[in-house]
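Engineer: Input structure: structure-v9.csv, which contains CSV, C-alpha atoms.
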```csv
chain,number,residue,atom,x,y,z
A,1,ALA,CA,161.9,136.5,205.5
A,2,GLN,CA,161.0,134.6,202.3
A,3,MET,CA,157.4,133.7,202.3
A,4,ASN,CA,157.4,130.4,200.3
A,5,ASN,CA,153.8,129.4,200.8
A,6,VAL,CA,151.1,132.0,200.7
A,7,ILE,CA,147.3,131.6,201.0
A,8,VAL,CA,145.1,134.4,199.6
A,9,ILE,CA,141.5,134.5,200.8
A,10,GLY,CA,139.2,136.1,198.3
A,11,GLY,CA,139.2,135.7,194.5
A,12,GLY,CA,138.1,139.2,193.6
A,13,ALA,CA,140.2,141.9,191.9
A,14,ALA,CA,142.4,142.5,195.0
A,15,GLY,CA,142.8,138.8,195.7
A,16,MET,CA,143.8,137.9,192.2
A,17,MET,CA,146.2,140.9,192.0
A,18,ALA,CA,147.8,139.8,195.3
A,19,ALA,CA,148.1,136.2,194.1
A,20,VAL,CA,149.7,137.3,190.8
A,21,TYR,CA,152.4,139.4,192.4
A,22,ALA,CA,153.1,136.8,195.1
A,23,LEU,CA,153.6,134.2,192.4
A,24,ARG,CA,155.8,136.5,190.4
A,25,GLY,CA,157.8,137.0,193.6
A,26,GLY,CA,158.5,133.3,193.7
A,27,ALA,CA,155.9,132.2,196.3
A,28,SER,CA,153.7,129.1,196.0
A,29,VAL,CA,150.1,130.4,196.2
A,30,THR,CA,146.8,128.9,197.0
A,31,LEU,CA,143.8,131.2,196.2
A,32,LEU,CA,140.6,130.5,198.1
A,33,GLU,CA,137.2,131.8,196.7
A,34,ARG,CA,133.8,131.1,198.3
A,35,ASN,CA,131.9,131.6,195.0
A,36,GLU,CA,131.8,129.3,192.0
A,37,LYS,CA,134.1,131.5,189.9
A,38,LEU,CA,136.7,134.2,190.3
A,39,GLY,CA,136.1,137.9,189.9
A,40,LYS,CA,132.4,137.7,190.3
A,41,LYS,CA,132.0,141.4,191.1
A,42,ILE,CA,134.2,142.4,188.3
A,43,TYR,CA,131.5,141.3,185.8
A,44,ILE,CA,129.1,144.0,187.0
A,45,THR,CA,131.5,147.0,187.4
A,46,GLY,CA,131.2,149.9,185.0
A,47,LYS,CA,127.8,148.5,183.8
A,48,GLY,CA,129.5,145.3,182.8
A,49,ARG,CA,132.4,147.0,181.1
A,50,CYS,CA,134.9,147.4,184.0
A,51,ASN,CA,136.3,150.9,184.3
A,52,LEU,CA,139.7,149.7,185.6
A,53,THR,CA,141.6,153.0,186.0
A,54,ASN,CA,141.9,156.6,184.7
A,55,VAL,CA,144.7,158.3,182.7
A,56,ALA,CA,144.6,161.5,184.8
A,57,GLU,CA,147.8,162.8,186.2
A,58,GLU,CA,148.4,161.9,189.9
A,59,THR,CA,147.7,165.4,191.2
A,60,GLU,CA,144.4,165.6,189.3
A,61,PHE,CA,143.5,162.1,190.4
A,62,MET,CA,144.2,162.8,194.1
A,63,GLY,CA,142.2,166.1,193.8
A,64,ASN,CA,139.1,164.0,193.2
A,65,ILE,CA,139.5,161.9,196.3
A,66,VAL,CA,136.9,163.2,198.7
A,67,ARG,CA,138.5,162.1,202.0
A,68,ASN,CA,142.1,161.5,203.0
A,69,PRO,CA,143.8,161.2,199.6
A,70,ARG,CA,147.2,160.7,201.3
A,71,PHE,CA,146.0,157.2,202.1
A,72,LEU,CA,146.6,156.3,198.5
A,73,PHE,CA,150.2,157.7,198.1
A,74,ALA,CA,151.9,154.4,199.1
A,75,ALA,CA,149.7,152.3,196.8
A,76,LEU,CA,150.1,154.6,193.8
A,77,ASN,CA,153.9,154.7,194.3
A,78,ASN,CA,153.9,150.9,194.0
A,79,LEU,CA,151.4,150.6,191.1
A,80,ASN,CA,150.0,153.8,189.4
A,81,ASN,CA,147.5,154.0,186.6
A,82,ASN,CA,150.2,153.5,183.9
A,83,GLY,CA,151.3,150.4,185.8
A,84,VAL,CA,147.8,149.0,185.9
A,85,MET,CA,147.4,149.6,182.1
A,86,ASP,CA,150.7,147.9,181.4
A,87,LEU,CA,149.7,145.0,183.6
A,88,PHE,CA,146.5,144.2,181.8
A,89,GLU,CA,147.9,144.8,178.3
A,90,GLY,CA,150.7,142.4,179.3
A,91,LEU,CA,147.9,139.9,180.1
A,92,GLY,CA,146.5,140.3,176.6
A,93,VAL,CA,143.7,142.7,177.4
A,94,LYS,CA,143.5,145.5,174.8
A,95,LEU,CA,142.4,148.8,176.4
A,96,LYS,CA,140.8,152.1,175.3
A,97,VAL,CA,140.4,155.5,176.9
A,98,GLU,CA,137.0,157.2,176.9
A,99,ARG,CA,135.5,160.5,178.0
A,100,GLY,CA,136.9,161.8,181.3
A,101,GLY,CA,140.0,159.7,181.0
A,102,ARG,CA,138.3,156.5,182.0
A,103,VAL,CA,139.9,153.2,180.8
A,104,PHE,CA,138.0,150.2,179.7
A,105,PRO,CA,138.7,146.9,177.9
A,106,GLU,CA,138.5,147.6,174.2
A,107,SER,CA,135.9,144.8,173.9
A,108,ASP,CA,133.6,146.6,176.4
A,109,HIS,CA,133.4,143.3,178.3
A,110,ALA,CA,134.5,143.2,182.0
A,111,SER,CA,134.9,139.4,181.6
A,112,ASP,CA,138.2,140.1,179.6
A,113,ILE,CA,139.7,141.4,182.8
A,114,THR,CA,138.8,138.3,184.7
A,115,ARG,CA,140.0,136.0,181.9
A,116,GLY,CA,143.3,137.9,181.8
A,117,PHE,CA,143.8,137.3,185.5
A,118,ASP,CA,142.8,133.7,185.2
A,119,ARG,CA,145.3,133.0,182.4
A,120,GLU,CA,148.1,134.5,184.4
A,121,LEU,CA,147.2,132.6,187.6
A,122,HIS,CA,147.2,129.3,185.7
A,123,ARG,CA,150.4,130.2,183.8
A,124,LEU,CA,152.2,130.9,187.1
A,125,GLY,CA,150.9,127.7,188.7
A,126,CYS,CA,148.4,129.1,191.2
A,127,ARG,CA,146.3,126.6,193.1
A,128,VAL,CA,142.7,127.9,192.8
A,129,ARG,CA,140.0,126.4,195.0
A,130,LEU,CA,136.5,127.6,194.3
A,131,ASN,CA,133.4,127.1,196.5
A,132,THR,CA,135.8,127.1,199.5
A,133,ARG,CA,134.9,129.0,202.7
A,134,VAL,CA,137.4,129.9,205.4
A,135,SER,CA,136.1,129.9,209.0
A,136,GLU,CA,139.3,130.8,210.9
A,137,ILE,CA,142.9,132.1,210.4
A,138,LEU,CA,145.3,129.9,212.3
A,139,CYS,CA,147.9,131.7,214.4
A,140,GLU,CA,151.1,130.4,216.0
A,141,GLU,CA,153.6,132.4,218.1
A,142,GLY,CA,151.8,135.6,217.2
A,143,ARG,CA,151.7,135.2,213.4
A,144,ALA,CA,149.4,133.7,210.8
A,145,ALA,CA,150.2,130.1,210.1
A,146,GLY,CA,147.4,129.0,207.8
A,147,VAL,CA,143.6,128.7,207.7
A,148,LEU,CA,140.8,126.4,208.8
A,149,LEU,CA,138.2,125.7,206.2
A,150,GLU,CA,134.5,125.2,207.0
A,151,THR,CA,134.9,121.6,206.1
A,152,GLY,CA,137.4,121.2,208.9
A,153,GLU,CA,140.4,121.0,206.6
A,154,LYS,CA,143.5,122.9,207.7
A,155,LEU,CA,145.9,124.5,205.2
A,156,ARG,CA,149.3,125.6,206.4
A,157,ALA,CA,151.1,128.7,205.1
A,158,ASP,CA,153.9,131.1,205.8
A,159,ALA,CA,151.6,134.1,205.2
A,160,VAL,CA,147.9,134.7,204.7
A,161,ILE,CA,146.6,137.6,202.7
A,162,VAL,CA,142.9,138.6,203.4
A,163,ALA,CA,141.3,140.1,200.4
A,164,THR,CA,137.6,139.6,201.1
A,165,GLY,CA,136.4,143.1,200.3
A,166,ALA,CA,133.4,144.8,201.8
A,167,GLY,CA,129.7,144.7,201.0
A,168,ALA,CA,127.3,147.5,200.6
A,169,ARG,CA,124.4,147.8,203.0
A,170,TRP,CA,121.4,147.6,200.7
A,171,THR,CA,118.0,148.9,201.7
A,172,CYS,CA,115.9,145.9,200.6
A,173,LEU,CA,113.3,148.3,199.2
A,174,PRO,CA,111.0,147.1,196.4
A,175,GLY,CA,112.7,147.3,193.0
A,176,GLU,CA,116.2,147.5,194.4
A,177,ASP,CA,117.4,144.2,193.0
A,178,LYS,CA,115.8,144.9,189.6
A,179,TYR,CA,117.7,148.2,189.2
A,180,LYS,CA,121.0,147.4,190.7
A,181,ASN,CA,123.7,148.7,188.3
A,182,ARG,CA,120.9,150.0,186.2
A,183,GLY,CA,120.4,153.3,188.0
A,184,ILE,CA,121.0,152.1,191.6
A,185,SER,CA,124.7,152.0,192.6
A,186,ALA,CA,126.6,151.3,195.8
A,187,CYS,CA,129.8,153.0,194.7
A,188,ALA,CA,129.9,156.7,193.8
A,189,VAL,CA,133.6,156.6,192.8
A,190,CYS,CA,132.9,153.5,190.5
A,191,ASP,CA,129.7,154.7,188.9
A,192,GLY,CA,129.4,158.4,189.6
A,193,ALA,CA,130.5,159.5,186.1
A,194,PHE,CA,127.6,157.6,184.6
A,195,PHE,CA,125.1,159.9,186.3
A,196,LYS,CA,126.8,163.2,185.5
A,197,GLY,CA,124.2,166.0,185.0
A,198,ALA,CA,121.4,163.8,186.5
A,199,ASP,CA,119.4,164.3,189.7
A,200,VAL,CA,120.9,161.8,192.2
A,201,ALA,CA,119.5,160.8,195.6
A,202,VAL,CA,121.9,159.4,198.3
A,203,ILE,CA,120.6,157.2,201.0
A,204,GLY,CA,122.4,157.4,204.3
A,205,GLY,CA,123.6,160.1,206.8
A,206,GLY,CA,127.1,158.9,207.7
A,207,ASP,CA,130.5,159.8,206.5
A,208,THR,CA,130.3,157.4,203.5
A,209,ALA,CA,127.0,158.9,202.4
A,210,LEU,CA,128.4,162.4,202.7
A,211,GLY,CA,131.5,161.5,200.8
A,212,ALA,CA,129.3,159.9,198.0
A,213,ALA,CA,127.2,163.1,197.8
A,214,LEU,CA,130.2,165.4,197.6
A,215,TYR,CA,131.7,163.2,194.9
```
How would this structure read if it were set down as C-alpha coordinates?
Structural biologist:
Amino acid sequence: AQMNNVIVIGGGAAGMMAAVYALRGGASVTLLERNEKLGKKIYITGKGRCNLTNVAEETEFMGNIVRNPRFLFAALNNLNNNGVMDLFEGLGVKLKVERGGRVFPESDHASDITRGFDRELHRLGCRVRLNTRVSEILCEEGRAAGVLLETGEKLRADAVIVATGAGARWTCLPGEDKYKNRGISACAVCDGAFFKGADVAVIGGGDTALGAALY
(Lines of atoms letter the chains of each structure in order from A and count residues from 1; the text may use other names and numbers.)
(Lines give C-alpha, C1' and ligand atoms only; values in the text may rest on other atoms or scores of the structure.)
Protein backbone atom coordinates (compact mmCIF):
# COMPACT_ATOMS: atom_id res chain seq x y z
CA ALA A 1 0.00 0.00 0.00
CA GLN A 2 1.16 3.52 -0.74
CA MET A 3 2.25 5.31 2.42
CA ASN A 4 1.36 8.91 1.62
CA ASN A 5 1.93 10.42 5.05
CA VAL A 6 4.96 9.28 7.06
CA ILE A 7 6.22 10.39 10.48
CA VAL A 8 9.87 9.78 11.36
CA ILE A 9 10.76 9.92 15.05
CA GLY A 10 14.40 10.88 15.56
CA GLY A 11 16.54 13.36 13.67
CA GLY A 12 19.86 11.54 13.80
CA ALA A 13 21.64 9.91 10.87
CA ALA A 14 19.15 7.03 10.60
CA GLY A 15 16.11 9.30 10.92
CA MET A 16 17.34 11.77 8.33
CA MET A 17 18.25 8.94 5.94
CA ALA A 18 14.80 7.38 6.39
CA ALA A 19 13.13 10.74 5.79
CA VAL A 20 15.14 11.43 2.62
CA TYR A 21 14.30 8.08 1.05
CA ALA A 22 10.62 8.27 2.06
CA LEU A 23 10.44 11.73 0.46
CA ARG A 24 12.17 10.50 -2.67
CA GLY A 25 9.60 7.72 -2.80
CA GLY A 26 6.82 10.29 -2.96
CA ALA A 27 5.67 10.36 0.66
CA SER A 28 4.83 13.46 2.66
CA VAL A 29 7.17 13.35 5.67
CA THR A 30 7.22 14.95 9.11
CA LEU A 31 10.51 14.54 10.99
CA LEU A 32 10.32 14.90 14.77
CA GLU A 33 13.49 15.60 16.80
CA ARG A 34 13.61 16.20 20.54
CA ASN A 35 16.83 18.26 20.41
CA GLU A 36 17.32 21.80 19.18
CA LYS A 37 19.01 20.69 15.94
CA LEU A 38 19.24 17.68 13.66
CA GLY A 39 22.15 15.24 13.66
CA LYS A 40 23.48 16.24 17.06
CA LYS A 41 25.50 13.03 17.53
CA ILE A 42 26.95 13.25 14.01
CA TYR A 43 28.96 16.28 15.13
CA ILE A 44 31.02 14.18 17.56
CA THR A 45 31.58 11.04 15.47
CA GLY A 46 35.10 10.31 14.28
CA LYS A 47 36.49 12.99 16.61
CA GLY A 48 34.33 15.59 14.92
CA ARG A 49 35.17 14.46 11.38
CA CYS A 50 32.50 11.77 10.79
CA ASN A 51 33.95 8.50 9.46
CA LEU A 52 30.85 7.78 7.37
CA THR A 53 31.86 4.52 5.66
CA ASN A 54 34.78 2.40 4.43
CA VAL A 55 35.87 1.49 0.90
CA ALA A 56 36.69 -2.14 1.78
CA GLU A 57 35.19 -4.89 -0.36
CA GLU A 58 32.09 -6.47 1.14
CA THR A 59 33.84 -9.74 2.07
CA GLU A 60 36.61 -7.85 3.88
CA PHE A 61 34.10 -5.57 5.56
CA MET A 62 31.97 -8.46 6.79
CA GLY A 63 35.06 -10.23 8.08
CA ASN A 64 35.56 -7.41 10.57
CA ILE A 65 32.06 -7.69 12.05
CA VAL A 66 32.51 -9.39 15.41
CA ARG A 67 29.06 -10.92 15.80
CA ASN A 68 26.45 -12.10 13.29
CA PRO A 69 27.65 -10.34 10.11
CA ARG A 70 24.74 -11.90 8.18
CA PHE A 71 22.51 -9.38 9.94
CA LEU A 72 23.92 -6.72 7.58
CA PHE A 73 23.43 -8.55 4.28
CA ALA A 74 19.98 -7.12 3.56
CA ALA A 75 21.02 -3.58 4.47
CA LEU A 76 24.16 -3.71 2.31
CA ASN A 77 22.22 -5.12 -0.62
CA ASN A 78 20.00 -2.04 -0.48
CA LEU A 79 22.74 0.53 0.21
CA ASN A 80 26.41 -0.46 0.24
CA ASN A 81 29.47 1.69 0.85
CA ASN A 82 29.59 2.92 -2.75
CA GLY A 83 25.93 3.89 -2.51
CA VAL A 84 26.60 5.84 0.68
CA MET A 85 29.45 7.73 -0.97
CA ASP A 86 27.34 8.47 -4.05
CA LEU A 87 24.54 9.71 -1.81
CA PHE A 88 26.64 12.26 0.05
CA GLU A 89 28.56 13.41 -3.00
CA GLY A 90 25.16 13.95 -4.62
CA LEU A 91 24.28 16.12 -1.63
CA GLY A 92 27.32 18.28 -2.32
CA VAL A 93 29.65 16.77 0.28
CA LYS A 94 33.14 16.16 -1.11
CA LEU A 95 34.74 13.02 0.35
CA LYS A 96 38.23 11.60 0.83
CA VAL A 97 39.66 8.19 1.70
CA GLU A 98 42.26 7.83 4.45
CA ARG A 99 44.34 5.04 5.98
CA GLY A 100 42.45 1.81 6.43
CA GLY A 101 39.94 2.75 3.76
CA ARG A 102 38.07 5.11 6.07
CA VAL A 103 35.94 7.76 4.34
CA PHE A 104 35.61 11.30 5.70
CA PRO A 105 34.30 14.64 4.44
CA GLU A 106 37.11 16.37 2.56
CA SER A 107 36.69 19.34 4.90
CA ASP A 108 37.25 17.18 8.02
CA HIS A 109 34.03 18.65 9.43
CA ALA A 110 31.21 16.30 10.47
CA SER A 111 28.86 19.26 10.18
CA ASP A 112 29.09 18.99 6.38
CA ILE A 113 27.24 15.66 6.58
CA THR A 114 24.43 17.17 8.63
CA ARG A 115 24.20 20.20 6.35
CA GLY A 116 24.00 17.91 3.31
CA PHE A 117 21.09 16.06 4.88
CA ASP A 118 19.44 19.32 5.91
CA ARG A 119 19.63 20.78 2.38
CA GLU A 120 18.07 17.67 0.88
CA LEU A 121 15.29 17.50 3.47
CA HIS A 122 14.32 21.09 2.78
CA ARG A 123 14.61 20.65 -1.00
CA LEU A 124 12.21 17.73 -0.83
CA GLY A 125 9.76 19.60 1.40
CA CYS A 126 10.18 17.72 4.66
CA ARG A 127 8.38 19.19 7.67
CA VAL A 128 11.00 19.31 10.45
CA ARG A 129 9.88 19.88 14.02
CA LEU A 130 12.65 20.41 16.57
CA ASN A 131 12.34 20.38 20.38
CA THR A 132 9.46 17.94 19.90
CA ARG A 133 9.06 14.88 22.11
CA VAL A 134 6.84 11.89 21.33
CA SER A 135 5.12 10.21 24.28
CA GLU A 136 3.16 7.50 22.46
CA ILE A 137 2.67 5.81 19.11
CA LEU A 138 -1.02 5.72 18.25
CA CYS A 139 -2.36 2.41 16.94
CA GLU A 140 -5.63 1.57 15.22
CA GLU A 141 -6.72 -1.87 14.00
CA GLY A 142 -3.32 -3.33 14.77
CA ARG A 143 -1.19 -0.78 12.91
CA ALA A 144 0.50 2.54 13.60
CA ALA A 145 -1.76 5.49 12.88
CA GLY A 146 0.23 8.42 14.21
CA VAL A 147 1.86 9.78 17.36
CA LEU A 148 0.92 11.61 20.52
CA LEU A 149 3.30 14.42 21.49
CA GLU A 150 4.14 15.36 25.07
CA THR A 151 2.17 18.56 24.52
CA GLY A 152 -0.98 16.50 23.91
CA GLU A 153 -1.04 17.18 20.18
CA LYS A 154 -1.87 14.23 17.94
CA LEU A 155 -0.31 13.78 14.51
CA ARG A 156 -1.87 11.32 12.09
CA ALA A 157 0.15 9.18 9.68
CA ASP A 158 -0.04 6.16 7.38
CA ALA A 159 3.27 4.91 8.77
CA VAL A 160 5.61 5.73 11.65
CA ILE A 161 9.36 5.12 11.46
CA VAL A 162 11.12 4.94 14.84
CA ALA A 163 14.78 5.97 14.51
CA THR A 164 15.60 7.03 18.05
CA GLY A 165 18.87 5.11 18.35
CA ALA A 166 20.37 3.79 21.54
CA GLY A 167 22.43 5.36 24.29
CA ALA A 168 25.62 4.13 25.88
CA ARG A 169 25.63 3.27 29.57
CA TRP A 170 28.26 5.62 30.93
CA THR A 171 30.02 4.97 34.26
CA CYS A 172 29.68 8.52 35.68
CA LEU A 173 33.26 8.25 36.96
CA PRO A 174 35.24 11.46 37.58
CA GLY A 175 36.76 12.83 34.38
CA GLU A 176 34.48 10.86 32.06
CA ASP A 177 32.69 13.89 30.64
CA LYS A 178 35.98 15.72 30.16
CA TYR A 179 37.50 12.95 28.04
CA LYS A 180 34.48 11.74 26.08
CA ASN A 181 35.62 11.39 22.44
CA ARG A 182 39.08 12.43 23.60
CA GLY A 183 40.26 9.00 24.68
CA ILE A 184 37.02 7.62 26.12
CA SER A 185 34.67 6.07 23.57
CA ALA A 186 31.36 4.19 23.69
CA CYS A 187 31.68 2.66 20.21
CA ALA A 188 34.54 0.32 19.31
CA VAL A 189 33.46 0.02 15.67
CA CYS A 190 33.23 3.82 15.32
CA ASP A 191 36.45 4.80 17.07
CA GLY A 192 38.54 1.64 17.43
CA ALA A 193 40.86 2.56 14.55
CA PHE A 194 41.95 5.71 16.40
CA PHE A 195 43.46 3.57 19.19
CA LYS A 196 45.35 1.08 17.03
CA GLY A 197 48.55 0.00 18.82
CA ALA A 198 47.47 1.59 22.11
CA ASP A 199 46.68 -0.13 25.40
CA VAL A 200 42.89 -0.07 25.73
CA ALA A 201 40.69 -0.93 28.72
CA VAL A 202 37.11 -2.11 28.16
CA ILE A 203 34.58 -1.61 30.97
CA GLY A 204 31.84 -4.24 31.14
CA GLY A 205 31.49 -8.00 31.13
CA GLY A 206 28.57 -8.67 28.78
CA ASP A 207 28.38 -9.57 25.11
CA THR A 208 28.77 -5.97 23.98
CA ALA A 209 31.95 -5.50 26.04
CA LEU A 210 33.38 -8.77 24.75
CA GLY A 211 32.60 -7.80 21.17
CA ALA A 212 34.30 -4.41 21.70
CA ALA A 213 37.39 -6.10 23.19
CA LEU A 214 37.66 -8.53 20.26
CA TYR A 215 37.25 -5.71 17.75
Engineer: Please produce, as a Markdown table, a per-residue contact table for stretch 70-128 of chain A versus stretch 183-207 of chain A (criterion: any atom at most 12 Å away, all atoms listed in the file considered), showing the nearest atom pair and its distance in Å to one decimal, sorted by chain then residue number.
Structural biologist:
```
| residue | atom | partner | partner_atom | distance |
| --- | --- | --- | --- | --- |
| A:Glu98 | CA | A:Ala193 | CA | 11.5 |
| A:Arg99 | CA | A:Ala193 | CA | 9.6 |
| A:Gly100 | CA | A:Ala193 | CA | 8.3 |
| A:Gly101 | CA | A:Ala193 | CA | 10.8 |
| A:Arg102 | CA | A:Ala193 | CA | 9.3 |
| A:Val103 | CA | A:Cys190 | CA | 12.0 |
```
Engineer: Would you mind listing what lies within 8 Å of stretch 110-124 of chain A as an mmCIF file with C-alpha atoms, keeping the file's coordinate frame, with all atoms listed in the file counted and same-chain residues fewer than 2 positions away left out?
Structural biologist:
```cif
data_model
loop_
_atom_site.group_PDB
_atom_site.id
_atom_site.type_symbol
_atom_site.label_atom_id
_atom_site.label_comp_id
_atom_site.auth_asym_id
_atom_site.auth_seq_id
_atom_site.Cartn_x
_atom_site.Cartn_y
_atom_site.Cartn_z
ATOM 1 C CA MET A 16 143.800 137.900 192.200
ATOM 2 C CA MET A 17 146.200 140.900 192.000
ATOM 3 C CA ALA A 19 148.100 136.200 194.100
ATOM 4 C CA VAL A 20 149.700 137.300 190.800
ATOM 5 C CA LEU A 23 153.600 134.200 192.400
ATOM 6 C CA ARG A 24 155.800 136.500 190.400
ATOM 7 C CA LEU A 38 136.700 134.200 190.300
ATOM 8 C CA GLY A 39 136.100 137.900 189.900
ATOM 9 C CA ILE A 42 134.200 142.400 188.300
ATOM 10 C CA TYR A 43 131.500 141.300 185.800
ATOM 11 C CA ILE A 44 129.100 144.000 187.000
ATOM 12 C CA THR A 45 131.500 147.000 187.400
ATOM 13 C CA GLY A 48 129.500 145.300 182.800
ATOM 14 C CA ARG A 49 132.400 147.000 181.100
ATOM 15 C CA CYS A 50 134.900 147.400 184.000
ATOM 16 C CA PHE A 88 146.500 144.200 181.800
ATOM 17 C CA LEU A 91 147.900 139.900 180.100
ATOM 18 C CA GLY A 92 146.500 140.300 176.600
ATOM 19 C CA VAL A 93 143.700 142.700 177.400
ATOM 20 C CA PRO A 105 138.700 146.900 177.900
ATOM 21 C CA SER A 107 135.900 144.800 173.900
ATOM 22 C CA ASP A 108 133.600 146.600 176.400
ATOM 23 C CA CYS A 126 148.400 129.100 191.200
ATOM 24 C CA ARG A 127 146.300 126.600 193.100
#
```
Engineer: Atom CA of A:Leu52 and atom CA of A:Asn5 are how many Å apart?
Structural biologist: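 The value is 29.0 Å.
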Engineer: Determine, counting all atoms listed in the file, which protein, DNA and RNA residues have an atom within 10 Å of an atom of stretch 29-34 of chain A; residues of the same chain fewer than 2 positions away are not included. Present the result as a short mmCIF file (atom, residue, chain, number, x, y, z; two decimals) with C-alpha atoms, in the coordinates of the input.
Structural biologist:
```
data_model
loop_
_atom_site.label_atom_id
_atom_site.label_comp_id
_atom_site.auth_asym_id
_atom_site.auth_seq_id
_atom_site.Cartn_x
_atom_site.Cartn_y
_atom_site.Cartn_z
CA ASN A 4 157.40 130.40 200.30
CA ASN A 5 153.80 129.40 200.80
CA VAL A 6 151.10 132.00 200.70
CA ILE A 7 147.30 131.60 201.00
CA VAL A 8 145.10 134.40 199.60
CA ILE A 9 141.50 134.50 200.80
CA GLY A 10 139.20 136.10 198.30
CA GLY A 11 139.20 135.70 194.50
CA GLY A 12 138.10 139.20 193.60
CA GLY A 15 142.80 138.80 195.70
CA MET A 16 143.80 137.90 192.20
CA ALA A 18 147.80 139.80 195.30
CA ALA A 19 148.10 136.20 194.10
CA VAL A 20 149.70 137.30 190.80
CA ALA A 22 153.10 136.80 195.10
CA LEU A 23 153.60 134.20 192.40
CA GLY A 26 158.50 133.30 193.70
CA ALA A 27 155.90 132.20 196.30
CA GLU A 36 131.80 129.30 192.00
CA LYS A 37 134.10 131.50 189.90
CA LEU A 38 136.70 134.20 190.30
CA GLY A 39 136.10 137.90 189.90
CA LYS A 40 132.40 137.70 190.30
CA LEU A 121 147.20 132.60 187.60
CA LEU A 124 152.20 130.90 187.10
CA GLY A 125 150.90 127.70 188.70
CA CYS A 126 148.40 129.10 191.20
CA ARG A 127 146.30 126.60 193.10
CA VAL A 128 142.70 127.90 192.80
CA ARG A 129 140.00 126.40 195.00
CA LEU A 130 136.50 127.60 194.30
CA ASN A 131 133.40 127.10 196.50
CA THR A 132 135.80 127.10 199.50
CA ARG A 133 134.90 129.00 202.70
CA VAL A 134 137.40 129.90 205.40
CA LEU A 149 138.20 125.70 206.20
CA LEU A 155 145.90 124.50 205.20
CA ALA A 157 151.10 128.70 205.10
CA ALA A 159 151.60 134.10 205.20
CA VAL A 160 147.90 134.70 204.70
CA ILE A 161 146.60 137.60 202.70
CA VAL A 162 142.90 138.60 203.40
CA ALA A 163 141.30 140.10 200.40
CA THR A 164 137.60 139.60 201.10
#
```
Engineer: If I take atom CA of A:Val66 and atom CA of A:Leu214, how far is one from the other in Å, to one decimal?
Structural biologist: 7.1 Å
Engineer: So which one's closest to A:Asp86, A:Thr53, A:Thr171, A:Asn181, A:Ser28? Using all atoms listed in the file, please.
Structural biologist: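 Answer, going by the shortest atom-to-atom distance: A:Thr53.
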Engineer: Can you measure atom CA of A:Asn64 to atom CA of A:Lys41 for me? One decimal in Å is fine.
Structural biologist: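 Computing the Euclidean distance for atom CA of A:Asn64 and atom CA of A:Lys41 yields 23.8 Å.
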Engineer: Which one is closest to A:Leu72: A:Ser135, A:Gly25, A:Glu176, A:Thr59? Count only C-alpha atoms.
Structural biologist: A:Thr59
Engineer: Excluding A:Leu76 and residues on its chain fewer than 4 positions from it, collect all residues at most 12 Å away from it, counting all atoms listed in the file, and give them as a list of chain:residue names.
Structural biologist: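 That gives A:Thr53, A:Glu57, A:Glu58, A:Thr59, A:Phe61, A:Met62, A:Pro69, A:Arg70, A:Phe71, A:Leu72, A:Asn80, A:Asn81, A:Asn82, A:Gly83, A:Val84.
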